[in-house]
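Inspection log for the structure reproduced underneath, given as structure tokens.
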Amino acid sequence: MAFLKVPHPCLSSLFLLFPWFRPASGFFPNIWSLVAAPNSITHQDLTEEAALNVTLQLFLERPPPGRNPLHLEDFQGRILLVDDLFAAYFGLGTPTRRFRAALGEVTRANAAQDFLSVTRNDPELHFDAEQLVGSRARLVGSLREALHAANALEYNLARQRLGAMLHGLQDFYSHSNWVELGEQQPHPDLLWPGRKFKNLAQVGDLMCSDCEELSCPGNLLGSVFLTSGYFGTKPPKPPGKCSHGGHFDQSSHDIPRGGINKDSTSPAFSPHHDLHPQAAQLALQASIQALNLLRGYLGDAGFSRFLQISPASGLSFVLDTTGSMGEEINAAKIQARRIIDQRRGGPMEPTHYILVPFHDPGFGPVFKTSDPDAFWKHLNSIHALGGGDEPEMCLSALELALLHTPQFSDIFVFTDASPKDAYLTNRIEALSQKQHCKVTFLVTEDPSRRIRREVLSPKRFEPYQAIAVASGGEVIFTKDRHIQNVANVVGESMMDMGPLRFHVDKMLHGVIIHFHGEISTFRISDPTGISQDISQDWGPLGHIQCFGQFWTVKLNDPPQVGTWIIEITAQGTPRVRVKAKTSLDFLFSFGIPIKNGPHPGLYPLNQPIAGLHTLLLIEVMGLVSDIPNMNCFYVILRGNPEGEELAHVTLEPTGVPERGLFTAFLDPKNLLSQRHFFLELIGQDDKGFNLQRIASQPCAVVPVLLELYGPSGPLSPGQQVLLSLQISSFSGPWDLIITASVSPSFPLTSNLSRVHLGQNESAWGQFWLQVPSSATLDSLVTVTVTAEAKSKDPSPPAYALLQFLVQAFPPQEQLDDLGPSSRPSHNIARPDLYTSTLVPQSNGAGSTMEAGPWWVPMRGLLLVLGIAVW
């Protein structure tokens with residue numbers, strides 16, 4: 001099929017591989033909007049499509065070392081899927097969860113603009129009510145902040161700001177009359193604040209005629225001026241101006257009636273529904289332009305880290321530096337050196353290196369870099385000095401690490417002391433689940449090594465156990481002489497399986513079993529009856545190693561397909577963990593369907609809320625053409641990976657089969673658990689073989705919904721900021737304790753510390769955050785609020801989190817026009833947009849880079865480009 005070349009002021013060319021979208025509805029928030037407007041193209045679709053196009057463009061321009069280059073024609077005529085794209089570039093079985101998670105952050109931030117009370121009715125955030133100049137300023141501000149956050153390596157915040165920016169950018173083409181003016185290219189001035197916004201409708205210009213029908217194709221008066229529709233009553237619509245339109249727009253009932261939005265093909269929502277495909281096409285092109293702009297400023301390595309395109313994760317250490325920790329520090333150095341040397345220059349080289357030291361009474365600062373040599377130099381300078389008493393500020397340091405570590409990373413904590421700050425346990429559990437980071441504690445517990453100021457509880461390590469369970473990690477107690485060996489064998493992130501009976505399918509490999517405790521004997525049996533016991537270092541099933549009370553069994557590849565059984569005898573309660581590598585896995589998320597209102601869609605949740613009908617979304621990863629399709633049947637909610645069955649829900653496929661997306665409603669009666677539960681996915685491949693996957697991180701039902709609001713832009717030194725909190729209960733009654741914290745420790749005051757809520761009741765509170773005049777520019781500020789229910793059986797707390805960047809005020813407005821880019825953009829547009837993810841809950845333009853993998857950042861190279869800063 002021939003290419004359609006589309007000129008663009010900031011792109012040398014834009015390739016469309018197919019006649020674009022099928023007839024589609026519009027810019028509703030996300031996949032659940034399809035219920036209200038079938039065959040929709042949503043904000044989520046546009047954002048994912050743009051990201052995949054730019055990622056493919058990067059892959060085409062940067063052939064992988066040692067592999068054949070990709071060719072554009074290979075992606076013609078088929079649905080472009082994340083797994084196919086990554087398999088073609090990195091190789092079959094390459095994990096895509098980090099890219100999907102990053103994309104999910106952007107799409108959720110995009111959709112949130114239509115749901116949050118502080119954003120959904122603000123005309124400047126949606127190019128409504130002829131607020132075009134103010135809307136462009138907000139759009140450019142969000143893009144500028146995304147760039148600053150990315151340059152500061154704060155990619156979570158950068159992705160949130162990008163999502164908000166893309167929402168406004170996409171809304172411009174649906175809410176204004178740009179399409180009706182006959183324009184066939186994106187607006188050339190939207191992303192450039194230095195350019196003048198021309199031909200804007202002024203006060204008194206009559207723009208629309210009256211239309212009493214749902215469909216209003218001819219209600220614009222033929223003006224050459226640029227306008228947008230008014231929505232609701234704030235601000236009120238002046239005479240002769242256009243409405244947004246649709247059933248829920250009050251302004252559309254005032255003359256001139258009707259409206260001009262192109263949000264959907266349904267006339268009940270969109271009076272200009274017939275122009276939706278054109279508006280969506282321009283919105284996609286503009287989104288690709290914005291992402292290419294970021295790529296140009298960040299460079300390929302920076303852009304890859306921004307969207308987590310590299311399959312590698314971060315390497316994060318939290319390190320006790322008191323005088324008794326010499327062996328542990330050496331073990332951390334050896335482990336880091338091994339990972340650096342093994343992965344340097346390859347696609348699995350860590351994207352970031354993070355180190356947070358701690359002792360009593362101090363912790364931090366965070367050292368974060370993408371340069372392995374700089375990290376090694378810093379880590380090598382750490383020595384065990386002073387102190388030696390117990391407990392220590394371990395959890396405060398771990399919180400810092402979680403705030404600065406990329407998603408789906410492993411964090412290793414080396415210590416020989418219990419935590420002095422155990423009150424942070426709940427907050428860190430929630431943060432580890434938000435970041436999807438596994439926390440592994442390597443504890444060398446030796447009472448003779450520490451000075452005790454007081455008698456310590458035998459339960460003093462329980463906070464570590466709680467955090468390990470919540471994050472999907474583990475706590476390993478060992479001795480000095482074993483710490484290096486133990487650190488080696490727990491260093492690689494893998495998928496978890498059931499502990500004592502586990503099912504192996506043909507897509508699993510690299511199976512490892514960990515035993516920990518006072519173990520007398522164990523026996524492992526495969527599905528054919530062949531077994532191996534503790535006495536056989538090398539046996540028919542694999543290799544067994546022992547380091548004190550820690551045992552590891554590495555099974556031979558490929559393992560026998562079927563059900564394996566572990567029998568174990570030990571004093572106390574031994575811990576058993578089975579892990580494996582696989583290309584087939586799943587992500588999950590939760591949401592509340594919003595069916596009424598002008599923007600139906602799925603309101604995303606961090607965790608299920610007690611009393612709410614909740615939608616569970618399952619996305620299966622690894623469904624590429626070389627792997628048999630998976631037929632998902634149901635999900636089991638379990639109290640632990642091998643515990644009692646709490647609920648059993650049937651999954652319904654959503655969208656095209658290649659997409660691997662399934663949904664199920666969770667009855668509130670099944671969401672009454674006061675403890676963690678695990679999701680177990682059960683299915684079959686196309687040949688009838690059983691497939692079983694268990695989520696590595698548990699879920700929890702929280703008592704209430706927390707919504708925390710603050711300014712949409714950056715903070716400035718010396719500024720006082722007002723934050724608002726809304727607490728909504730859908731069950732109860734609840735007696736709640738409200739706590740708030742800020743990192744770094746800026747002054748924070750509140751008018752709310754306790755609240756009692758019954759069913760369907762809400763409460764509001766306020767927080768005042770004071771930013772010191774000495775606050776570091778481009779530093780991250782994180783505000784966390786938790787609501788914990790007081791009861792005999794305490795439930796996991798609800799939490800809300802806001803992040804800001806500290807910047808000089810006012811921020812610089814100018815951005816030099818880079819002119820046409822030398823980089824073409826390949827737009828893989830097609831009839832069905834099911835390209836990426838709905839997931840849980842991170843140089844210069846035109847510069848020349850030296851030969852080498854794009855994922856490896858350039859070191860020792862300073863590029864002076866003569867461009868203004870956002």
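The way I read the labels, and the way they are meant: chains A, B, ... in the order of the structure tokens, residue 1 as the first residue of every chain, and ligand 1 as the first ligand shown, with later ones counted on from there.
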Exercise for review: Would you mind listing what lies within 9 Å of Phe586 of chain A as a PyMOL selection string, with only C-alpha atoms counted and same-chain residues fewer than 2 positions away left out?
Suggested key: chain A and resi 97+584+588+618-622+681+693-695
Practice item. Quick one: everything within 12 Å of Ser795 of chain A, counting only C-alpha atoms, minus sequence neighbours fewer than 3 positions away in the same chain. Send it as a ChimeraX atom specification. Key: /A:426,609-610,671-676,699-704,734-736,787-792,798
**Study point:** Interatomic distance (Å, one decimal) between atom CA of Gln289 of chain A and atom CA of Ser135 of chain A
**Key:**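 So the two atoms, atom CA of Gln289 of chain A and atom CA of Ser135 of chain A, lie 18.0 Å apart.
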Point to revise | Contacts of segment 127-129 of chain A at 12 Å (only C-alpha atoms; same-chain gap of 3+ positions) as a PyMOL selection string | key: chain A and resi 120-124+132-139+165-178+190+201-203+226-238+241-245+251+259-261
Resulting file, chosen residues, N, CA and C atoms, as a compact mmCIF listing (two decimals), in the first residue's frame:
# COMPACT_ATOMS: atom_id res chain seq x y z
N ARG A 120 -11.63 19.01 35.62
CA ARG A 120 -12.62 18.64 34.60
C ARG A 120 -13.43 19.82 34.11
N ASN A 121 -13.58 20.88 34.93
CA ASN A 121 -14.40 22.02 34.53
C ASN A 121 -13.58 23.27 34.26
N ASP A 122 -12.27 23.14 34.17
CA ASP A 122 -11.41 24.29 33.91
C ASP A 122 -11.29 24.47 32.40
N PRO A 123 -11.85 25.53 31.84
CA PRO A 123 -11.85 25.67 30.36
C PRO A 123 -10.44 25.77 29.79
N GLU A 124 -9.48 26.30 30.55
CA GLU A 124 -8.13 26.44 30.02
C GLU A 124 -7.42 25.10 29.85
N LEU A 132 -8.27 30.30 24.40
CA LEU A 132 -7.24 29.65 23.60
C LEU A 132 -5.84 30.09 24.01
N VAL A 133 -5.67 31.36 24.31
CA VAL A 133 -4.35 31.85 24.71
C VAL A 133 -3.96 31.26 26.06
N GLY A 134 -4.88 31.30 27.01
CA GLY A 134 -4.61 30.72 28.32
C GLY A 134 -4.41 29.21 28.25
N SER A 135 -5.16 28.55 27.37
CA SER A 135 -5.01 27.10 27.22
C SER A 135 -3.64 26.75 26.68
N ARG A 136 -3.18 27.53 25.69
CA ARG A 136 -1.85 27.25 25.14
C ARG A 136 -0.77 27.49 26.19
N ALA A 137 -0.93 28.51 27.02
CA ALA A 137 0.06 28.77 28.07
C ALA A 137 0.11 27.61 29.06
N ARG A 138 -1.05 27.06 29.41
CA ARG A 138 -1.08 25.91 30.34
C ARG A 138 -0.47 24.69 29.68
N LEU A 139 -0.76 24.51 28.38
CA LEU A 139 -0.22 23.37 27.65
C LEU A 139 1.31 23.43 27.61
N MET A 165 -0.58 17.44 29.49
CA MET A 165 -0.35 18.25 28.30
C MET A 165 -1.01 17.65 27.08
N LEU A 166 -0.86 16.32 26.89
CA LEU A 166 -1.45 15.69 25.71
C LEU A 166 -2.97 15.78 25.72
N HIS A 167 -3.58 15.77 26.90
CA HIS A 167 -5.04 15.90 26.96
C HIS A 167 -5.48 17.23 26.34
N GLY A 168 -4.86 18.31 26.78
CA GLY A 168 -5.22 19.61 26.23
C GLY A 168 -4.92 19.71 24.75
N LEU A 169 -3.76 19.19 24.35
CA LEU A 169 -3.38 19.22 22.94
C LEU A 169 -4.40 18.49 22.08
N GLN A 170 -4.82 17.32 22.50
CA GLN A 170 -5.79 16.54 21.74
C GLN A 170 -7.17 17.20 21.77
N ASP A 171 -7.54 17.80 22.91
CA ASP A 171 -8.84 18.48 22.99
C ASP A 171 -8.94 19.65 22.02
N PHE A 172 -7.82 20.30 21.72
CA PHE A 172 -7.87 21.45 20.81
C PHE A 172 -8.54 21.08 19.49
N TYR A 173 -8.23 19.92 18.97
CA TYR A 173 -8.75 19.54 17.65
C TYR A 173 -10.20 19.08 17.72
N SER A 174 -10.66 18.70 18.89
CA SER A 174 -12.05 18.29 19.03
C SER A 174 -12.95 19.42 19.50
N HIS A 175 -12.40 20.35 20.26
CA HIS A 175 -13.23 21.39 20.89
C HIS A 175 -13.21 22.72 20.14
N SER A 176 -12.21 22.92 19.28
CA SER A 176 -12.16 24.16 18.50
C SER A 176 -12.74 23.91 17.11
N ASN A 177 -12.75 24.97 16.30
CA ASN A 177 -13.23 24.84 14.92
C ASN A 177 -12.07 24.74 13.93
N TRP A 178 -10.89 24.30 14.39
CA TRP A 178 -9.73 24.16 13.51
C TRP A 178 -10.04 23.23 12.32
N LEU A 190 0.90 25.87 18.36
CA LEU A 190 0.43 25.46 19.69
C LEU A 190 1.57 25.22 20.66
N ALA A 201 -11.06 34.57 17.44
CA ALA A 201 -12.34 35.25 17.58
C ALA A 201 -12.29 36.18 18.78
N GLN A 202 -12.88 37.34 18.63
CA GLN A 202 -12.87 38.35 19.69
C GLN A 202 -14.25 38.48 20.31
N VAL A 203 -14.30 39.19 21.43
CA VAL A 203 -15.58 39.49 22.08
C VAL A 203 -16.50 40.18 21.06
N LEU A 226 -10.70 31.67 14.68
CA LEU A 226 -10.59 30.45 15.48
C LEU A 226 -11.37 30.63 16.77
N THR A 227 -12.23 29.66 17.08
CA THR A 227 -13.06 29.72 18.27
C THR A 227 -13.12 28.34 18.91
N SER A 228 -13.72 28.28 20.10
CA SER A 228 -14.01 26.99 20.74
C SER A 228 -15.30 27.13 21.51
N GLY A 229 -15.91 25.98 21.84
CA GLY A 229 -17.23 25.99 22.44
C GLY A 229 -17.21 26.23 23.94
N TYR A 230 -18.30 26.80 24.43
CA TYR A 230 -18.50 27.00 25.88
C TYR A 230 -19.18 25.77 26.45
N PHE A 231 -18.80 25.43 27.68
CA PHE A 231 -19.39 24.26 28.34
C PHE A 231 -19.92 24.68 29.70
N GLY A 232 -21.17 24.29 29.98
CA GLY A 232 -21.75 24.60 31.28
C GLY A 232 -22.06 26.07 31.44
N THR A 233 -21.93 26.53 32.68
CA THR A 233 -22.30 27.91 32.99
C THR A 233 -21.12 28.75 33.48
N LYS A 234 -19.94 28.15 33.60
CA LYS A 234 -18.77 28.87 34.10
C LYS A 234 -17.63 28.71 33.10
N PRO A 235 -17.33 29.78 32.33
CA PRO A 235 -18.04 31.06 32.26
C PRO A 235 -19.32 30.95 31.44
N PRO A 236 -20.26 31.88 31.61
CA PRO A 236 -21.49 31.83 30.81
C PRO A 236 -21.20 32.11 29.35
N LYS A 237 -22.02 31.53 28.48
CA LYS A 237 -21.83 31.70 27.04
C LYS A 237 -22.40 33.06 26.60
N PRO A 238 -21.58 33.90 25.97
CA PRO A 238 -22.09 35.17 25.46
C PRO A 238 -23.01 34.95 24.25
N LYS A 241 -22.09 33.04 20.59
CA LYS A 241 -20.94 32.13 20.69
C LYS A 241 -21.40 30.68 20.63
N CYS A 242 -20.47 29.80 20.36
CA CYS A 242 -20.78 28.37 20.20
C CYS A 242 -20.74 27.66 21.54
N SER A 243 -21.53 26.61 21.65
CA SER A 243 -21.47 25.71 22.80
C SER A 243 -20.58 24.52 22.47
N HIS A 244 -20.11 23.88 23.52
CA HIS A 244 -19.44 22.59 23.36
C HIS A 244 -20.43 21.59 22.79
N GLY A 245 -21.62 21.51 23.43
CA GLY A 245 -22.69 20.66 22.92
C GLY A 245 -22.75 19.31 23.60
N SER A 251 -24.99 24.84 28.56
CA SER A 251 -24.96 26.01 27.68
C SER A 251 -25.60 25.73 26.33
N GLY A 259 -23.91 22.81 19.28
CA GLY A 259 -22.53 22.77 19.72
C GLY A 259 -21.60 22.35 18.59
N ILE A 260 -20.29 22.32 18.88
CA ILE A 260 -19.32 22.05 17.82
C ILE A 260 -18.32 20.96 18.19
N ASN A 261 -18.48 20.29 19.34
CA ASN A 261 -17.43 19.33 19.70
C ASN A 261 -17.50 18.08 18.82
Check your understanding: Which of these, A:Asp667, A:Asp505, A:Asp793, A:Glu392, has the shortest distance to Phe689 of chain A once you count only C-alpha atoms?
Key -> A:Asp505
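Atom to atom, atom CA of Gly91 of chain A and atom CA of Gln435 of chain A stand 26.2 Å apart.
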Exercise for review: Please identify which residues in segment 254-424 of chain A DSSP calls strand (DSSP E) from the backbone, and express them as a VMD selection string.
Suggested key: chain A and resid 315 to 320 353 to 358 367 to 369 389 to 390 410 to 415
**Study point:** Point-to-point distance from atom CA of Leu801 of chain A to atom CA of Ser762 of chain A, Å rounded to tenths
**Key:**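 Between these atoms lies a distance of 18.8 Å.
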